[in-house]
Amino acid sequence: MKKGLILVLAALAIGFSGCVKDLSKENFSETTTLIGRVIEESTQRPVADVKVSITNGSRTYASYTTKEDGNFELQVNFDKLGKDYYLLMDGGTAIKTKKSELRGMGMEMYDYTDIILYNSIETDGLSVVSFEITSFTAYSAGCKAEIIAGTDVNVTKRGFCWSSSNQNPTISNHAAEYGSGIGEYTGIISGLTEMTKYYVRAYAQTVDTVVYSEMKSITTAPILPTFQYEGHTFYVAPDPGIDLQWEAAKSYCNNLTFQDLTGWRMPTCGELVQMYANKNTIKGFDEVKYWSSTYHHSSYIGGYGNVDFYYSVDFANGVVSNSTFGSLRIRPIKLKN
């Protein structure tokens, strides 16, 4: 195994980057030479017999095996390459490229800075180049990753693995498989426990070597409280902790997304009274008035003319009253079943 390999600057300032290069905006009509050197991270000594390749994720366009001095030289015609390309080492590192111009030299070169070595297992040009946790709830998390590999690499399995104790989780902990092959993929890890910290990585597997992404962590959300009313079960979202006028409170409820759930609304007066009866189970209420969506139409009140009064419930004592002025609190609800 080749461990802790990094690429460094060569004579014409070729190093590394974390940005993707869009070649569709450039005009390359001649073969371009990329040069660099591979060294050990700990000793800074050059490393021989490391394969460095140019690939667009599905096809390898040029490869070079480093010599005793660690140097490599890649020649490629970018007209034939396609718009996105990667520089790969067989130590498992993938570098998305970024163009920069070396002023005063009359030529365009390629600058590769801030390399990230995701793993140190020899993988023959296989790498998980991106991984992110896109969402999470009390019990699950949505994940997204991207795999690239050389043409001679067969990715048989791919997915996500996680652990609440191992900060570098592997498929021997908990794993969810999502297909095979290269490219982007998404999935969900489930069976999690509320309010627990988890360490998560994406993985790609061949018949020989498993390759992992960088680790990301999440703390799962608390379980949503519920209550029952007229044969239905409702979720209750947290109190935002601010006083709102009725229209603003209604808008807040209707536009809320919480724990990946949409479709929230303001409770009716009857539902709000039931919430008061279950306030010790639901929790999170202050002893203040909360809006409902139920209104009472009045044809004439003290010179105001026609007025719609919206009912509220005082969570200090359960008293129902109505008002159309001022600002009160809100607890959005959503039908569970």
# chains A, B, ... in the order shown; residues from 1 in each chain; ligands from 1
call {"tool": "residues_around", "arguments": {"residues": "region 144-153 of chain A", "least_positions_apart": "3", "cutoff": "6 Å", "atoms": "only C-alpha atoms", "output": "PyMOL selection string"}}
result
chain A and resi 57+59-60+125-132+182-186
call {"tool": "write_last_selection", "arguments": {"atoms": "N, CA, C and O atoms", "output": "PDB file, in the first residue's frame"}}
result
ATOM      1  N   GLY A  57     -14.428  10.625 -15.339  1.00  0.00           N
ATOM      2  CA  GLY A  57     -15.292   9.843 -14.472  1.00  0.00           C
ATOM      3  C   GLY A  57     -15.724   8.528 -15.069  1.00  0.00           C
ATOM      4  O   GLY A  57     -16.059   7.602 -14.353  1.00  0.00           O
ATOM      5  N   ARG A  59     -14.140   7.522 -18.409  1.00  0.00           N
ATOM      6  CA  ARG A  59     -13.099   7.116 -19.350  1.00  0.00           C
ATOM      7  C   ARG A  59     -11.778   7.745 -18.952  1.00  0.00           C
ATOM      8  O   ARG A  59     -11.722   8.915 -18.577  1.00  0.00           O
ATOM      9  N   THR A  60     -10.707   6.954 -18.990  1.00  0.00           N
ATOM     10  CA  THR A  60      -9.371   7.458 -18.709  1.00  0.00           C
ATOM     11  C   THR A  60      -8.715   7.897 -20.021  1.00  0.00           C
ATOM     12  O   THR A  60      -8.621   7.111 -20.960  1.00  0.00           O
ATOM     13  N   GLY A 125      -7.327   4.180  -8.847  1.00  0.00           N
ATOM     14  CA  GLY A 125      -8.124   5.212  -9.496  1.00  0.00           C
ATOM     15  C   GLY A 125      -9.581   5.216  -9.115  1.00  0.00           C
ATOM     16  O   GLY A 125     -10.430   5.608  -9.908  1.00  0.00           O
ATOM     17  N   LEU A 126      -9.932   4.757  -7.923  1.00  0.00           N
ATOM     18  CA  LEU A 126     -11.309   4.786  -7.425  1.00  0.00           C
ATOM     19  C   LEU A 126     -11.380   5.768  -6.268  1.00  0.00           C
ATOM     20  O   LEU A 126     -10.563   5.726  -5.360  1.00  0.00           O
ATOM     21  N   SER A 127     -12.371   6.666  -6.302  1.00  0.00           N
ATOM     22  CA  SER A 127     -12.465   7.653  -5.235  1.00  0.00           C
ATOM     23  C   SER A 127     -13.899   8.133  -5.066  1.00  0.00           C
ATOM     24  O   SER A 127     -14.646   8.258  -6.031  1.00  0.00           O
ATOM     25  N   VAL A 128     -14.283   8.390  -3.798  1.00  0.00           N
ATOM     26  CA  VAL A 128     -15.525   9.089  -3.488  1.00  0.00           C
ATOM     27  C   VAL A 128     -15.161  10.569  -3.418  1.00  0.00           C
ATOM     28  O   VAL A 128     -14.548  11.022  -2.455  1.00  0.00           O
ATOM     29  N   VAL A 129     -15.522  11.338  -4.452  1.00  0.00           N
ATOM     30  CA  VAL A 129     -15.027  12.709  -4.563  1.00  0.00           C
ATOM     31  C   VAL A 129     -15.900  13.738  -3.862  1.00  0.00           C
ATOM     32  O   VAL A 129     -15.465  14.860  -3.637  1.00  0.00           O
ATOM     33  N   SER A 130     -17.129  13.375  -3.511  1.00  0.00           N
ATOM     34  CA  SER A 130     -17.973  14.310  -2.763  1.00  0.00           C
ATOM     35  C   SER A 130     -18.959  13.524  -1.913  1.00  0.00           C
ATOM     36  O   SER A 130     -19.361  12.420  -2.266  1.00  0.00           O
ATOM     37  N   PHE A 131     -19.323  14.114  -0.776  1.00  0.00           N
ATOM     38  CA  PHE A 131     -20.287  13.490   0.124  1.00  0.00           C
ATOM     39  C   PHE A 131     -20.916  14.579   0.979  1.00  0.00           C
ATOM     40  O   PHE A 131     -20.221  15.455   1.499  1.00  0.00           O
ATOM     41  N   GLU A 132     -22.240  14.539   1.112  1.00  0.00           N
ATOM     42  CA  GLU A 132     -22.929  15.493   1.967  1.00  0.00           C
ATOM     43  C   GLU A 132     -24.179  14.856   2.567  1.00  0.00           C
ATOM     44  O   GLU A 132     -24.773  13.942   1.988  1.00  0.00           O
ATOM     45  N   ILE A 182     -20.282   4.051 -11.051  1.00  0.00           N
ATOM     46  CA  ILE A 182     -19.790   5.378 -10.726  1.00  0.00           C
ATOM     47  C   ILE A 182     -20.902   6.413 -10.845  1.00  0.00           C
ATOM     48  O   ILE A 182     -22.028   6.086 -11.214  1.00  0.00           O
ATOM     49  N   GLY A 183     -20.573   7.669 -10.535  1.00  0.00           N
ATOM     50  CA  GLY A 183     -21.514   8.763 -10.683  1.00  0.00           C
ATOM     51  C   GLY A 183     -22.129   9.175  -9.362  1.00  0.00           C
ATOM     52  O   GLY A 183     -21.742   8.716  -8.287  1.00  0.00           O
ATOM     53  N   GLU A 184     -23.105  10.063  -9.446  1.00  0.00           N
ATOM     54  CA  GLU A 184     -23.782  10.552  -8.258  1.00  0.00           C
ATOM     55  C   GLU A 184     -24.883   9.568  -7.827  1.00  0.00           C
ATOM     56  O   GLU A 184     -25.499   8.911  -8.661  1.00  0.00           O
ATOM     57  N   TYR A 185     -25.113   9.505  -6.538  1.00  0.00           N
ATOM     58  CA  TYR A 185     -26.222   8.692  -6.027  1.00  0.00           C
ATOM     59  C   TYR A 185     -26.697   9.279  -4.703  1.00  0.00           C
ATOM     60  O   TYR A 185     -25.979  10.013  -4.027  1.00  0.00           O
ATOM     61  N   THR A 186     -27.932   8.967  -4.349  1.00  0.00           N
ATOM     62  CA  THR A 186     -28.529   9.443  -3.101  1.00  0.00           C
ATOM     63  C   THR A 186     -29.109   8.269  -2.346  1.00  0.00           C
ATOM     64  O   THR A 186     -29.341   7.192  -2.913  1.00  0.00           O
TER      65      THR A 186
END
call {"tool": "residues_around", "arguments": {"residues": "Thr294 (chain A)", "least_positions_apart": "4", "cutoff": "7 Å", "atoms": "only C-alpha atoms", "output": "ChimeraX atom specification"}}
result
/A:268-269,310-311
call {"tool": "residues_around", "arguments": {"residues": "region 155-166 of chain A", "least_positions_apart": "2", "cutoff": "7 Å", "atoms": "only C-alpha atoms", "output": "VMD selection string"}}
result
chain A and resid 153 168 to 171 173 to 182 197 to 206
call {"tool": "closest_residue", "arguments": {"among": "A:Gly326, A:Pro332, A:Gly142, A:Gly36", "to": "Asp260 (chain A)", "atoms": "only C-alpha atoms"}}
result
A:Gly142
call {"tool": "atom_distance", "arguments": {"atom1": "CA of Ala48 (chain A)", "atom2": "CA of Asp69 (chain A)"}}
result
6.7 Å
call {"tool": "residues_around", "arguments": {"residues": "region 278-281 of chain A", "least_positions_apart": "3", "cutoff": "8 Å", "atoms": "only C-alpha atoms", "output": "PyMOL selection string"}}
result
chain A and resi 225+227+274-275+284-285
call {"tool": "atom_distance", "arguments": {"atom1": "CA of Tyr229 (chain A)", "atom2": "CA of Trp264 (chain A)"}}
result
16.0 Å
call {"tool": "residues_around", "arguments": {"residues": "Gln228 (chain A)", "least_positions_apart": "4", "cutoff": "10 Å", "atoms": "only C-alpha atoms", "output": "MDAnalysis selection string"}}
result
chainID A and resid 232:235 271 274:275 278 335:336
call {"tool": "select_by_dssp", "arguments": {"residues": "region 135-286 of chain A", "states": "strand (DSSP E)", "output": "count of residues only"}}
result
54
call {"tool": "atom_distance", "arguments": {"atom1": "CA of Ser323 (chain A)", "atom2": "CA of Leu224 (chain A)"}}
result
29.4 Å
call {"tool": "closest_residue", "arguments": {"among": "A:Val52, A:Leu34, A:Ile330, A:Ile223", "to": "Leu244 (chain A)", "atoms": "only C-alpha atoms"}}
result
A:Ile330
call {"tool": "residues_around", "arguments": {"residues": "Glu194 (chain A)", "least_positions_apart": "6", "cutoff": "6 Å", "atoms": "only C-alpha atoms", "output": "list in words"}}
result
Ala138, Thr220, Ala221 and Pro222 of chain A
call {"tool": "write_last_selection", "arguments": {"atoms": "all heavy atoms", "output": "mmCIF file, in the first residue's frame"}}
result
data_model
loop_
_atom_site.group_PDB
_atom_site.id
_atom_site.type_symbol
_atom_site.label_atom_id
_atom_site.label_comp_id
_atom_site.auth_asym_id
_atom_site.auth_seq_id
_atom_site.Cartn_x
_atom_site.Cartn_y
_atom_site.Cartn_z
ATOM 1 N N ALA A 138 -35.533 12.727 13.310
ATOM 2 C CA ALA A 138 -35.197 12.021 14.544
ATOM 3 C C ALA A 138 -34.713 10.607 14.274
ATOM 4 O O ALA A 138 -33.957 10.041 15.060
ATOM 5 C CB ALA A 138 -36.415 11.988 15.470
ATOM 6 N N THR A 220 -29.203 13.848 15.461
ATOM 7 C CA THR A 220 -30.585 13.686 15.020
ATOM 8 C C THR A 220 -31.529 14.577 15.821
ATOM 9 O O THR A 220 -31.246 14.965 16.958
ATOM 10 C CB THR A 220 -31.028 12.224 15.154
ATOM 11 O OG1 THR A 220 -30.722 11.755 16.475
ATOM 12 C CG2 THR A 220 -30.324 11.350 14.131
ATOM 13 N N ALA A 221 -32.654 14.878 15.214
ATOM 14 C CA ALA A 221 -33.631 15.791 15.809
ATOM 15 C C ALA A 221 -34.422 15.090 16.921
ATOM 16 O O ALA A 221 -34.454 13.862 16.997
ATOM 17 C CB ALA A 221 -34.591 16.283 14.725
ATOM 18 N N PRO A 222 -35.069 15.867 17.777
ATOM 19 C CA PRO A 222 -35.950 15.262 18.780
ATOM 20 C C PRO A 222 -37.208 14.705 18.127
ATOM 21 O O PRO A 222 -37.606 15.137 17.037
ATOM 22 C CB PRO A 222 -36.279 16.428 19.706
ATOM 23 C CG PRO A 222 -36.111 17.648 18.854
ATOM 24 C CD PRO A 222 -34.995 17.327 17.913
#
call {"tool": "residues_around", "arguments": {"residues": "Tyr139 (chain A)", "least_positions_apart": "3", "cutoff": "6 Å", "atoms": "only C-alpha atoms", "output": "VMD selection string"}}
result
chain A and resid 190 to 193
